[in-house]
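start37.txt follows; it contains compact mmCIF, C-alpha atoms.
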```
# COMPACT_ATOMS: atom_id res chain seq x y z
CA MET G 1 -11.75 -50.33 -7.50
CA GLU G 2 -14.49 -48.76 -9.59
CA PRO G 3 -13.35 -46.29 -12.27
CA LEU G 4 -13.77 -42.58 -11.63
CA ALA G 5 -16.17 -40.58 -13.75
CA ALA G 6 -15.09 -37.49 -15.67
CA ASP G 7 -17.00 -35.02 -13.50
CA ILE G 8 -15.14 -36.13 -10.38
CA VAL G 9 -12.70 -33.58 -8.97
CA ALA G 10 -10.25 -33.70 -6.09
CA CYS G 11 -10.51 -30.74 -3.71
CA PRO G 12 -7.19 -28.84 -4.02
CA ASP G 13 -7.22 -28.10 -0.27
CA CYS G 14 -8.16 -31.48 1.23
CA ASP G 15 -7.94 -34.04 -1.62
CA LEU G 16 -11.54 -35.25 -1.16
CA LEU G 17 -12.93 -36.80 -4.34
CA GLN G 18 -16.34 -35.47 -5.19
CA ARG G 19 -18.75 -34.83 -8.03
CA VAL G 20 -19.42 -31.18 -8.88
CA PRO G 21 -23.02 -30.92 -10.13
CA PRO G 22 -24.05 -28.51 -12.91
CA LEU G 23 -24.45 -25.17 -11.17
CA PRO G 24 -27.17 -22.54 -11.67
CA ASP G 25 -26.10 -19.00 -12.57
CA GLY G 26 -24.65 -17.42 -9.44
CA GLY G 27 -24.43 -20.79 -7.69
CA THR G 28 -21.33 -21.95 -5.84
CA ALA G 29 -20.00 -25.45 -5.17
CA ARG G 30 -18.08 -25.91 -1.93
CA CYS G 31 -16.15 -28.89 -0.68
CA PRO G 32 -18.29 -30.57 2.02
CA ARG G 33 -15.21 -31.50 4.03
CA CYS G 34 -13.06 -28.36 4.17
CA GLY G 35 -15.39 -25.67 2.81
CA ARG G 36 -13.19 -24.59 -0.10
CA THR G 37 -15.00 -23.06 -3.06
CA LEU G 38 -14.63 -25.48 -5.97
CA ALA G 39 -16.63 -23.90 -8.77
CA HIS G 40 -18.93 -21.02 -9.65
CA GLY G 41 -21.87 -21.25 -12.01
CA ARG G 42 -21.77 -18.40 -14.47
CA PRO G 43 -22.53 -19.11 -18.10
CA GLY G 44 -21.19 -16.60 -20.62
CA ALA G 45 -18.40 -15.64 -18.25
CA SER G 46 -15.86 -15.70 -21.08
CA ASP G 47 -17.25 -12.59 -22.83
CA ARG G 48 -17.59 -10.77 -19.53
CA MET G 49 -13.99 -11.63 -18.64
CA LEU G 50 -12.77 -10.41 -22.01
CA ALA G 51 -14.55 -7.08 -21.52
CA LEU G 52 -12.98 -6.75 -18.07
CA ALA G 53 -9.50 -7.56 -19.41
CA VAL G 54 -9.72 -5.02 -22.24
CA ALA G 55 -10.95 -2.36 -19.80
CA ALA G 56 -8.15 -3.28 -17.39
CA LEU G 57 -5.52 -2.85 -20.11
CA VAL G 58 -6.80 0.63 -21.03
CA VAL G 59 -7.03 1.71 -17.40
CA PHE G 60 -3.58 0.22 -16.69
CA LEU G 61 -2.01 2.36 -19.43
CA LEU G 62 -3.81 5.43 -18.10
CA ALA G 63 -2.77 4.70 -14.51
CA ASN G 64 0.89 4.50 -15.53
CA ALA G 65 1.04 7.34 -18.02
CA GLU G 66 -0.82 9.98 -16.03
CA PRO G 67 0.43 11.64 -12.82
CA LEU G 68 -1.20 10.35 -9.64
CA MET G 69 -1.15 13.56 -7.69
CA ARG G 70 0.43 16.96 -7.71
CA LEU G 71 1.44 18.93 -4.69
CA SER G 72 2.60 22.45 -4.29
CA THR G 73 4.33 24.17 -1.43
CA ALA G 74 6.66 27.15 -1.07
CA GLY G 75 6.38 27.90 -4.76
CA GLN G 76 7.49 24.43 -5.87
CA GLU G 77 5.37 21.88 -7.66
CA VAL G 78 5.92 18.13 -7.64
CA SER G 79 3.92 15.36 -9.26
CA THR G 80 4.51 11.63 -9.45
CA THR G 81 3.48 8.59 -11.43
CA VAL G 82 3.36 4.97 -10.25
CA LEU G 83 6.89 4.32 -11.54
CA GLY G 84 8.00 7.69 -10.14
CA GLY G 85 7.72 6.24 -6.63
CA ALA G 86 10.02 3.37 -7.55
CA ARG G 87 12.41 5.66 -9.46
CA GLU G 88 12.88 8.01 -6.52
CA MET G 89 13.54 5.07 -4.16
CA TRP G 90 16.14 3.78 -6.63
CA ARG G 91 17.77 7.20 -6.83
CA GLN G 92 17.95 7.41 -3.03
CA GLY G 93 19.81 4.12 -2.77
CA GLU G 94 17.08 1.62 -1.85
CA ARG G 95 17.45 -0.24 -5.12
CA THR G 96 16.05 -3.64 -4.18
CA ALA G 97 12.97 -2.12 -2.57
CA ALA G 98 12.53 0.09 -5.66
CA LEU G 99 12.62 -2.95 -7.95
CA LEU G 100 10.08 -4.75 -5.75
CA VAL G 101 7.70 -1.77 -5.88
CA ALA G 102 8.02 -1.69 -9.69
CA LEU G 103 7.50 -5.45 -9.86
CA PHE G 104 4.37 -5.57 -7.67
CA ALA G 105 2.79 -2.33 -8.93
CA VAL G 106 3.62 -2.33 -12.65
CA VAL G 107 5.28 -5.46 -14.04
CA ALA G 108 3.12 -8.15 -12.39
CA PRO G 109 -0.22 -6.42 -13.18
CA PHE G 110 0.89 -5.87 -16.78
CA VAL G 111 1.93 -9.50 -17.25
CA TYR G 112 -1.31 -10.63 -15.61
CA ILE G 113 -3.54 -8.48 -17.83
CA SER G 114 -1.65 -9.38 -21.04
CA ALA G 115 -1.58 -13.11 -20.26
CA MET G 116 -5.28 -13.10 -19.39
CA LEU G 117 -6.17 -11.24 -22.59
CA ALA G 118 -4.24 -13.77 -24.69
CA VAL G 119 -5.74 -16.74 -22.80
CA LEU G 120 -9.30 -15.43 -23.11
CA LEU G 121 -8.91 -14.75 -26.83
CA ALA G 122 -7.17 -18.05 -27.58
CA THR G 123 -9.60 -20.28 -25.65
CA ARG G 124 -12.64 -18.95 -27.47
CA ARG G 125 -12.31 -21.74 -30.04
CA PRO G 126 -11.07 -24.92 -28.34
CA PRO G 127 -8.78 -26.76 -28.51
CA ALA G 128 -6.43 -23.88 -27.81
CA PRO G 129 -2.74 -24.24 -28.73
CA ARG G 130 -0.21 -25.42 -26.16
CA TRP G 131 1.30 -21.97 -25.48
CA VAL G 132 -1.97 -20.98 -23.84
CA GLY G 133 -0.99 -23.34 -21.03
CA VAL G 134 2.25 -21.42 -20.54
CA LEU G 135 0.32 -18.16 -20.37
CA LEU G 136 -2.12 -19.66 -17.87
CA ARG G 137 0.82 -20.40 -15.59
CA TRP G 138 2.14 -16.86 -16.10
CA ALA G 139 -1.27 -15.46 -15.21
CA GLU G 140 -1.35 -17.51 -12.02
CA VAL G 141 2.11 -16.43 -10.84
CA SER G 142 1.78 -12.77 -11.84
CA GLY G 143 -1.68 -12.61 -10.25
CA LEU G 144 -0.15 -13.68 -6.96
CA TRP G 145 2.37 -10.82 -7.05
CA SER G 146 0.17 -8.12 -8.53
CA MET G 147 -0.68 -5.77 -5.67
CA VAL G 148 -2.55 -2.86 -7.25
CA GLU G 149 -5.21 -2.85 -4.53
CA VAL G 150 -2.55 -2.64 -1.82
CA MET G 151 -0.81 0.15 -3.72
CA MET G 152 -4.15 1.98 -3.94
CA LEU G 153 -4.51 1.99 -0.16
CA GLY G 154 -0.84 2.97 0.19
CA LEU G 155 -1.44 5.93 -2.13
CA LEU G 156 -4.36 7.12 -0.03
CA VAL G 157 -2.36 6.87 3.18
CA ALA G 158 0.53 8.76 1.55
CA LEU G 159 -1.95 11.36 0.33
CA VAL G 160 -3.22 12.01 3.85
CA LYS G 161 0.30 12.05 5.24
CA ILE G 162 1.45 14.60 2.67
CA ALA G 163 -1.68 16.73 2.92
CA ARG G 164 -0.33 18.02 6.24
CA LEU G 165 2.79 19.42 4.60
CA ALA G 166 1.55 20.74 1.29
CA SER G 167 -1.62 21.16 -0.71
CA VAL G 168 -2.31 17.98 -2.63
CA ALA G 169 -4.45 17.64 -5.73
CA PRO G 170 -5.42 14.17 -6.98
CA ARG G 171 -4.89 13.68 -10.71
CA VAL G 172 -6.27 11.31 -13.36
CA GLY G 173 -3.75 8.59 -12.51
CA LEU G 174 -5.10 8.21 -8.98
CA PHE G 175 -8.62 7.51 -10.21
CA ALA G 176 -7.24 5.13 -12.83
CA VAL G 177 -5.38 3.17 -10.12
CA GLY G 178 -8.63 2.92 -8.14
CA ALA G 179 -10.54 1.65 -11.19
CA LEU G 180 -7.73 -0.79 -12.00
CA ALA G 181 -7.85 -2.26 -8.50
CA PHE G 182 -11.56 -3.00 -8.94
CA LEU G 183 -11.15 -4.41 -12.46
CA LEU G 184 -8.33 -6.74 -11.38
CA ALA G 185 -10.35 -7.94 -8.38
CA ALA G 186 -13.31 -8.67 -10.67
CA MET G 187 -11.03 -10.51 -13.10
CA SER G 188 -9.45 -12.80 -10.54
CA ALA G 189 -12.81 -13.47 -8.87
CA GLY G 190 -14.55 -14.34 -12.13
CA PHE G 191 -11.88 -16.39 -13.88
CA ASP G 192 -11.90 -20.16 -13.62
CA PRO G 193 -8.43 -21.49 -14.59
CA ARG G 194 -9.62 -25.10 -14.43
CA GLU G 195 -12.27 -24.38 -17.04
CA ALA G 196 -9.69 -22.62 -19.23
CA TRP G 197 -7.35 -25.61 -18.93
CA SER G 198 -10.06 -27.90 -20.24
CA ARG G 199 -9.92 -25.94 -23.52
CA VAL G 200 -6.17 -26.30 -24.01
CA ARG G 201 -4.64 -28.96 -26.27
CA TRP G 202 -3.15 -31.84 -24.29
CA ALA G 203 0.59 -32.06 -23.68
CA ASP G 204 0.68 -35.83 -23.88
CA GLU G 205 -1.59 -37.00 -26.66
CA GLY G 206 -0.08 -40.48 -26.72
CA GLY G 207 -0.86 -41.14 -23.04
CA GLY G 208 2.71 -42.04 -22.06
CA ALA G 209 2.71 -39.81 -18.99
CA GLY G 210 -0.11 -41.65 -17.30
CA GLU G 211 -3.75 -42.47 -17.70
CA ALA G 212 -6.14 -39.55 -17.43
CA LEU G 213 -9.55 -40.17 -15.93
CA ARG G 214 -12.08 -39.23 -18.55
CA MET W 1 -14.22 -42.85 9.92
CA ARG W 2 -13.20 -46.39 9.01
CA GLY W 3 -10.82 -46.43 6.09
CA GLY W 4 -10.91 -42.65 5.94
CA ALA W 5 -12.61 -40.24 3.56
CA PRO W 6 -12.45 -41.03 -0.18
CA THR W 7 -9.47 -38.93 -1.23
CA ALA W 8 -7.51 -38.91 -4.45
CA ALA W 9 -4.46 -40.28 -2.63
CA ARG W 10 -6.45 -43.24 -1.26
CA ALA W 11 -7.98 -43.92 -4.67
CA GLY W 12 -4.52 -44.08 -6.23
CA VAL W 13 -5.03 -41.05 -8.46
CA VAL W 14 -3.00 -37.85 -8.55
CA PRO W 15 -4.60 -34.43 -9.06
CA CYS W 16 -2.57 -31.88 -11.01
CA GLY W 17 -1.87 -28.76 -8.95
CA THR W 18 -1.78 -26.60 -12.06
CA CYS W 19 -4.74 -27.71 -14.17
CA GLY W 20 -6.71 -29.93 -11.79
CA LEU W 21 -6.77 -33.03 -13.98
CA LEU W 22 -6.97 -36.35 -12.15
CA SER W 23 -4.77 -39.07 -13.58
CA ARG W 24 -3.49 -42.49 -12.70
CA PRO W 25 0.31 -42.28 -12.95
CA ALA W 26 2.05 -44.59 -15.39
CA GLY W 27 4.86 -45.88 -13.15
CA ALA W 28 4.84 -46.95 -9.51
CA VAL W 29 7.39 -44.33 -8.52
CA GLY W 30 7.54 -40.65 -9.44
CA PRO W 31 8.31 -38.12 -10.66
CA TRP W 32 5.17 -38.08 -12.73
CA THR W 33 3.89 -35.52 -15.21
CA CYS W 34 0.34 -34.41 -15.87
CA PRO W 35 -0.85 -35.77 -19.24
CA ARG W 36 -2.86 -32.60 -19.92
CA CYS W 37 -0.61 -29.70 -18.96
CA GLY W 38 2.74 -31.45 -18.69
CA ASP W 39 3.59 -30.12 -15.23
CA ARG W 40 5.16 -32.27 -12.55
CA ILE W 41 2.53 -33.84 -10.35
CA ALA W 42 2.77 -35.41 -6.90
CA SER W 43 0.19 -36.68 -4.47
CA ARG W 44 1.51 -34.34 -1.78
CA ARG W 45 4.04 -31.52 -1.83
CA GLU W 46 7.62 -32.58 -1.21
CA ARG W 47 9.19 -31.34 2.05
CA PRO W 48 6.18 -29.18 3.00
CA PHE W 49 7.23 -28.76 6.61
CA GLN W 50 10.93 -28.14 6.13
CA ASP W 51 10.38 -25.50 3.45
CA ALA W 52 7.59 -23.71 5.29
CA TRP W 53 9.50 -23.70 8.60
CA ALA W 54 12.59 -22.32 6.85
CA TYR W 55 10.59 -19.45 5.35
CA ILE W 56 8.89 -18.74 8.69
CA VAL W 57 12.19 -18.58 10.58
CA ALA W 58 13.73 -16.36 7.89
CA ALA W 59 10.68 -14.05 7.98
CA ALA W 60 10.79 -13.85 11.79
CA ILE W 61 14.47 -12.89 11.64
CA CYS W 62 13.76 -10.15 9.07
CA TYR W 63 10.84 -8.87 11.13
CA LEU W 64 13.21 -7.51 13.79
CA PRO W 65 15.24 -5.09 11.59
CA ALA W 66 12.01 -4.31 9.68
CA ASN W 67 10.65 -2.75 12.85
CA THR W 68 13.77 -1.32 14.44
CA LEU W 69 15.43 0.23 11.38
CA PRO W 70 13.89 3.43 10.00
CA VAL W 71 11.65 3.01 6.94
CA MET W 72 12.21 6.66 6.06
CA THR W 73 14.04 9.74 7.24
CA THR W 74 12.69 13.28 7.01
CA ARG W 75 15.40 15.86 6.34
CA THR W 76 14.91 19.59 6.83
CA ILE W 77 17.36 22.43 7.22
CA LYS W 78 17.10 22.23 11.00
CA TYR W 79 16.80 18.54 11.73
CA GLU W 80 16.88 14.97 10.47
CA GLU W 81 14.21 12.66 11.79
CA PRO W 82 14.20 8.90 11.13
CA SER W 83 10.90 7.08 11.60
CA THR W 84 10.09 3.42 11.99
CA ILE W 85 6.85 1.63 11.15
CA ILE W 86 5.61 1.89 14.73
CA GLY W 87 6.66 5.55 14.61
CA GLY W 88 4.31 6.01 11.66
CA VAL W 89 1.44 4.47 13.62
CA VAL W 90 2.15 6.74 16.60
CA TYR W 91 2.44 9.77 14.29
CA PHE W 92 -1.02 9.20 12.81
CA TYR W 93 -2.55 8.41 16.20
CA GLU W 94 -1.17 11.52 17.88
CA SER W 95 -2.18 13.78 15.02
CA GLY W 96 -5.78 12.60 15.36
CA SER W 97 -6.02 10.17 12.44
CA TRP W 98 -6.72 7.12 14.58
CA PHE W 99 -8.33 5.37 11.62
CA LEU W 100 -5.17 5.60 9.50
CA ALA W 101 -3.11 4.59 12.53
CA LEU W 102 -5.31 1.52 12.80
CA ILE W 103 -4.94 0.64 9.09
CA ILE W 104 -1.15 0.79 9.30
CA LEU W 105 -1.10 -1.09 12.60
CA VAL W 106 -3.21 -3.89 11.13
CA ALA W 107 -1.30 -4.08 7.82
CA SER W 108 2.21 -3.71 9.20
CA VAL W 109 2.10 -5.33 12.64
CA ILE W 110 -0.98 -7.47 13.21
CA ILE W 111 -1.12 -9.19 9.80
CA PRO W 112 2.58 -10.19 9.55
CA LEU W 113 2.78 -11.30 13.20
CA GLY W 114 -0.59 -13.04 13.00
CA LYS W 115 0.46 -14.74 9.78
CA LEU W 116 3.72 -16.01 11.29
CA ALA W 117 1.97 -17.26 14.44
CA SER W 118 -0.89 -18.86 12.49
CA LEU W 119 1.44 -20.61 10.05
CA ALA W 120 3.55 -21.93 12.93
CA TYR W 121 0.35 -23.19 14.60
CA LEU W 122 -0.84 -24.87 11.38
CA LEU W 123 2.54 -26.52 10.79
CA ALA W 124 2.90 -27.70 14.39
CA THR W 125 -0.62 -29.16 14.65
CA THR W 126 -0.37 -30.79 11.22
CA GLN W 127 3.00 -32.32 12.04
CA ARG W 128 1.48 -33.80 15.21
CA ARG W 129 -1.26 -35.22 12.95
CA SER W 130 -3.92 -33.45 14.98
CA THR W 131 -7.51 -33.92 13.85
CA ALA W 132 -9.01 -31.19 16.02
CA TYR W 133 -10.52 -28.09 14.39
CA ASN W 134 -9.76 -29.31 10.86
CA ARG W 135 -12.35 -27.07 9.21
CA GLU W 136 -11.23 -24.06 11.20
CA ARG W 137 -7.59 -24.72 10.38
CA ALA W 138 -8.46 -25.09 6.69
CA ARG W 139 -10.32 -21.77 6.83
CA LEU W 140 -7.40 -20.11 8.63
CA TYR W 141 -5.04 -21.26 5.88
CA ARG W 142 -7.27 -19.81 3.15
CA LEU W 143 -7.49 -16.52 5.08
CA LEU W 144 -3.68 -16.34 5.38
CA LYS W 145 -3.25 -16.70 1.64
CA VAL W 146 -5.57 -13.76 1.02
CA ILE W 147 -4.47 -11.22 3.63
CA GLY W 148 -0.68 -11.63 3.48
CA ARG W 149 -0.21 -9.20 0.57
CA TRP W 150 -1.75 -6.30 2.51
CA SER W 151 1.40 -6.07 4.61
CA MET W 152 3.10 -4.46 1.60
CA LEU W 153 1.08 -1.33 2.38
CA ASP W 154 3.82 0.55 4.20
CA VAL W 155 6.35 -0.12 1.45
CA PHE W 156 4.05 1.63 -1.04
CA VAL W 157 3.37 4.49 1.39
CA VAL W 158 7.11 5.09 1.74
CA ALA W 159 7.62 4.95 -2.03
CA PHE W 160 5.03 7.64 -2.72
CA VAL W 161 5.99 9.89 0.20
CA VAL W 162 9.62 9.69 -0.93
CA ALA W 163 8.64 10.48 -4.52
CA LEU W 164 6.62 13.53 -3.57
CA ILE W 165 8.38 15.13 -0.62
CA GLN W 166 11.42 16.45 -2.47
CA PHE W 167 11.61 20.14 -1.71
CA GLN W 168 15.35 20.61 -1.48
CA PRO W 169 16.77 22.16 0.54
CA PHE W 170 13.76 22.83 2.79
CA MET W 171 12.39 19.37 3.23
CA SER W 172 12.99 15.96 1.73
CA VAL W 173 12.30 12.35 2.65
CA VAL W 174 14.69 9.49 1.97
CA PRO W 175 13.84 5.78 2.25
CA GLY W 176 15.47 3.64 4.95
CA THR W 177 16.73 0.07 5.02
CA GLY W 178 13.73 -0.95 7.15
CA VAL W 179 11.64 -0.94 3.96
CA LEU W 180 13.79 -3.64 2.41
CA PHE W 181 13.51 -5.92 5.45
CA PHE W 182 9.81 -5.27 5.64
CA ALA W 183 9.30 -6.26 2.00
CA ALA W 184 11.40 -9.36 2.73
CA VAL W 185 9.05 -10.34 5.58
CA VAL W 186 6.02 -10.08 3.29
CA ILE W 187 7.63 -12.05 0.47
CA LEU W 188 8.96 -14.77 2.80
CA THR W 189 5.56 -15.25 4.48
CA ILE W 190 3.91 -15.51 1.04
CA PHE W 191 6.43 -18.21 0.12
CA ALA W 192 5.85 -19.93 3.49
CA ALA W 193 2.09 -20.10 2.98
CA ASP W 194 2.64 -21.29 -0.57
CA SER W 195 5.00 -24.13 0.36
CA PHE W 196 2.63 -25.65 2.92
CA ASP W 197 0.24 -28.33 1.65
CA PRO W 198 -3.23 -27.90 3.24
CA ARG W 199 -4.17 -31.45 2.26
CA LEU W 200 -1.85 -32.65 5.02
CA ILE W 201 -4.29 -31.15 7.58
CA TRP W 202 -6.81 -33.76 6.47
CA ASP W 203 -4.55 -36.76 5.99
CA ALA W 204 -4.78 -37.78 9.64
CA ASP W 205 -8.58 -37.73 9.40
```

Target format structure tokens, applied to this file:
Amino acid sequence: MEPLAADIVACPDCDLLQRVPPLPDGGTARCPRCGRTLAHGRPGASDRMLALAVAALVVFLLANAEPLMRLSTAGQEVSTTVLGGAREMWRQGERTAALLVALFAVVAPFVYISAMLAVLLATRRPPAPRWVGVLLRWAEVSGLWSMVEVMMLGLLVALVKIARLASVAPRVGLFAVGALAFLLAAMSAGFDPREAWSRVRWADEGGGAGEALR
Amino acid sequence: MRGGAPTAARAGVVPCGTCGLLSRPAGAVGPWTCPRCGDRIASRRERPFQDAWAYIVAAAICYLPANTLPVMTTRTIKYEEPSTIIGGVVYFYESGSWFLALIILVASVIIPLGKLASLAYLLATTQRRSTAYNRERARLYRLLKVIGRWSMLDVFVVAFVVALIQFQPFMSVVPGTGVLFFAAVVILTIFAADSFDPRLIWDAD
């Protein structure tokens, strides 16, 4: 059995061993067997990602601090924030659903943005310390459960639904949620966790866990 | 193909699911850990079919109350009107917003049902070690992982309508238990897709 070279990867979706060539800017490498995207070519992505993450943090704070919309009818005025939706559900007895809304709309995006910021800053000068690996795992899990873009569409549907009953005025928070959805999408599309892992200090420097192919 | 495609499993190396590193495990039997990131590694997921089937069955069971129980109830001085998810679709359609009706129908009915059916199809064909439509099945799996989250749409709609329509005593909206079951369906199908190992599609190749 001939040894495997360092630039050989196994496709995560079909296990095919293959060599990923150096990619031009904007180029994409796909697995020839199953079609899964394996790598993107984008030099200088790290600075771009950092800019996106900082912007996302600012917009996240804005989206959660500012009211999303205000409506008035029969002399009463009501406005809500992102957490206000969850709080009202909690108050009305649907506590589990309220916690899930808070988790998907606020907690997961916040963990994702914070973990990504820390990872991007810490991997600028490799080898990054071991805790970066923990944060990379956090970013992966929280990214899966962060649903800002779904919440954005839900907000718009709710807006139309309510517009029949009262006059609705969108507020700063609504635009911030829209911007956040785009920033998060750009972050998850542009980030390469495999590349980040290659900058993290190894867990097993003695080689007792097995032999890495380098 | 004689001998099969050159995969990591056939070459005796194990890719790490977390960091992607290929390594040759130290001992003949697992469990092994990745030398780079320290996570547990295995050539294939353990119990991929049992876990995924369990999540699918649980999601299918929750789908029933999710659609029959009200997701919210509108209270006014004169009446109290519970509405289900399908009721919301009908409401938008009848009031002329066919586009919104379509969005909710796709997110709340077509995506969860399609996801359950597609996952069941993927599991069944993979368990039979079918080699037909491998590329298409691989593409279907990737699609399922992306679209599943959109089913949460109605849960968010309910949350914001409930937060805003609080004009006691004239009109208020309270959430219903349907929301909880609906969220459960979405979460369970995400877990189901996550516990399946797409590499098994190709192992019979």

Selection: 10 Å around stretch 79-82 of chain W, all atoms listed in the file, excl. self and same-chain fewer than 4 positions, as a PyMOL selection string: chain W and resi 69-75+87+171-176

Could the residues in this selection be written to a file with C-alpha atoms, as a JSON list (two decimals), keeping the file's coordinate frame?
```json
[["chain", "number", "residue", "atom", "x", "y", "z"],
["W", 69, "LEU", "CA", 15.43, 0.23, 11.38],
["W", 70, "PRO", "CA", 13.89, 3.43, 10.00],
["W", 71, "VAL", "CA", 11.65, 3.01, 6.94],
["W", 72, "MET", "CA", 12.21, 6.66, 6.06],
["W", 73, "THR", "CA", 14.04, 9.74, 7.24],
["W", 74, "THR", "CA", 12.69, 13.28, 7.01],
["W", 75, "ARG", "CA", 15.40, 15.86, 6.34],
["W", 87, "GLY", "CA", 6.66, 5.55, 14.61],
["W", 171, "MET", "CA", 12.39, 19.37, 3.23],
["W", 172, "SER", "CA", 12.99, 15.96, 1.73],
["W", 173, "VAL", "CA", 12.30, 12.35, 2.65],
["W", 174, "VAL", "CA", 14.69, 9.49, 1.97],
["W", 175, "PRO", "CA", 13.84, 5.78, 2.25],
["W", 176, "GLY", "CA", 15.47, 3.64, 4.95]]
```

Atomic distance atom CA of G:Pro193 - atom CA of W:Cys19, expressed in Å with one decimal: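 So the answer is 7.2 Å.
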
Two-atom distance - atom CA of G:Ser167, atom CA of G:Ala98 (Å): 25.9 Å

Surrounding residues of W:Ala5 excluding itself and chain neighbours under 4 positions, 9 Å, all atoms listed in the file, as a PyMOL selection string: (chain G and resi 16-17) or (chain W and resi 1+10+205)

Proximal residues of chain W relative to chain G (all atoms listed in the file; 7 Å) as a PyMOL selection string: chain W and resi 5-8+15+19-20+22-26+32-38+135+138+150+152-154+156-157+159-164+174-175+179-180+198-199+202

Prev. selection, C-alpha atoms, output as a short mmCIF file (atom, residue, chain, number, x, y, z; two decimals), in the frame of the given file:
```
data_model
loop_
_atom_site.label_atom_id
_atom_site.label_comp_id
_atom_site.auth_asym_id
_atom_site.auth_seq_id
_atom_site.Cartn_x
_atom_site.Cartn_y
_atom_site.Cartn_z
CA ALA W 5 -12.61 -40.24 3.56
CA PRO W 6 -12.45 -41.03 -0.18
CA THR W 7 -9.47 -38.93 -1.23
CA ALA W 8 -7.51 -38.91 -4.45
CA PRO W 15 -4.60 -34.43 -9.06
CA CYS W 19 -4.74 -27.71 -14.17
CA GLY W 20 -6.71 -29.93 -11.79
CA LEU W 22 -6.97 -36.35 -12.15
CA SER W 23 -4.77 -39.07 -13.58
CA ARG W 24 -3.49 -42.49 -12.70
CA PRO W 25 0.31 -42.28 -12.95
CA ALA W 26 2.05 -44.59 -15.39
CA TRP W 32 5.17 -38.08 -12.73
CA THR W 33 3.89 -35.52 -15.21
CA CYS W 34 0.34 -34.41 -15.87
CA PRO W 35 -0.85 -35.77 -19.24
CA ARG W 36 -2.86 -32.60 -19.92
CA CYS W 37 -0.61 -29.70 -18.96
CA GLY W 38 2.74 -31.45 -18.69
CA ARG W 135 -12.35 -27.07 9.21
CA ALA W 138 -8.46 -25.09 6.69
CA TRP W 150 -1.75 -6.30 2.51
CA MET W 152 3.10 -4.46 1.60
CA LEU W 153 1.08 -1.33 2.38
CA ASP W 154 3.82 0.55 4.20
CA PHE W 156 4.05 1.63 -1.04
CA VAL W 157 3.37 4.49 1.39
CA ALA W 159 7.62 4.95 -2.03
CA PHE W 160 5.03 7.64 -2.72
CA VAL W 161 5.99 9.89 0.20
CA VAL W 162 9.62 9.69 -0.93
CA ALA W 163 8.64 10.48 -4.52
CA LEU W 164 6.62 13.53 -3.57
CA VAL W 174 14.69 9.49 1.97
CA PRO W 175 13.84 5.78 2.25
CA VAL W 179 11.64 -0.94 3.96
CA LEU W 180 13.79 -3.64 2.41
CA PRO W 198 -3.23 -27.90 3.24
CA ARG W 199 -4.17 -31.45 2.26
CA TRP W 202 -6.81 -33.76 6.47
#
```

Close residues, stretch 126-128 of chain W itself excluded, 8 Å, only C-alpha atoms, min 4 positions apart in chain, as a PyMOL selection string: chain W and resi 49+122+200-201

Nearest to G:Ala65 by atom-to-atom distance, counting only C-alpha atoms, from G:Val141, G:Leu184, G:Arg124, G:Val106: G:Val106

Between atom CA of G:Leu120 and atom CA of G:Leu50 - distance in Å to one decimal: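 Atom-to-atom, atom CA of G:Leu50 and atom CA of G:Leu120 are spaced 6.2 Å apart.
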
Centre, x/y/z edge lengths, axis-aligned box for stretch 98-101 of chain G with 5 Å per side, as lines of an AutoDock Vina configuration file:
```
center_x = 10.2
center_y = -2.3
center_z = -6.8
size_x = 14.9
size_y = 14.8
size_z = 12.3
```

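Using all atoms listed in the file, the smallest distance between any of W:Gly12, W:Val155, W:Ala184, W:Gly148 and W:Ile111 comes from W:Gly148.
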
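Comparing the minimum interatomic distances between G:Asp192 and each of G:Ala39, G:Ala179, G:Pro24, G:Pro127, counting all atoms listed in the file, we find that G:Ala39 sits nearest.
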
Got a sec: who's within 8 Å of G:Val119, counting all atoms listed in the file, leaving out chain neighbours fewer than 2 positions off, as a tab-separated table (two decimals) with C-alpha atoms, keeping the file's coordinate frame?
```tsv
chain	number	residue	atom	x	y	z
G	115	ALA	CA	-1.58	-13.11	-20.26
G	116	MET	CA	-5.28	-13.10	-19.39
G	117	LEU	CA	-6.17	-11.24	-22.59
G	121	LEU	CA	-8.91	-14.75	-26.83
G	122	ALA	CA	-7.17	-18.05	-27.58
G	123	THR	CA	-9.60	-20.28	-25.65
G	132	VAL	CA	-1.97	-20.98	-23.84
G	135	LEU	CA	0.32	-18.16	-20.37
G	136	LEU	CA	-2.12	-19.66	-17.87
G	196	ALA	CA	-9.69	-22.62	-19.23
```

Residue among W:Ala117, W:Ala59, W:Val89, W:Val13 lying closest to W:Ala192, counting only C-alpha atoms: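 Smallest separation from W:Ala192 among the options: W:Ala59.
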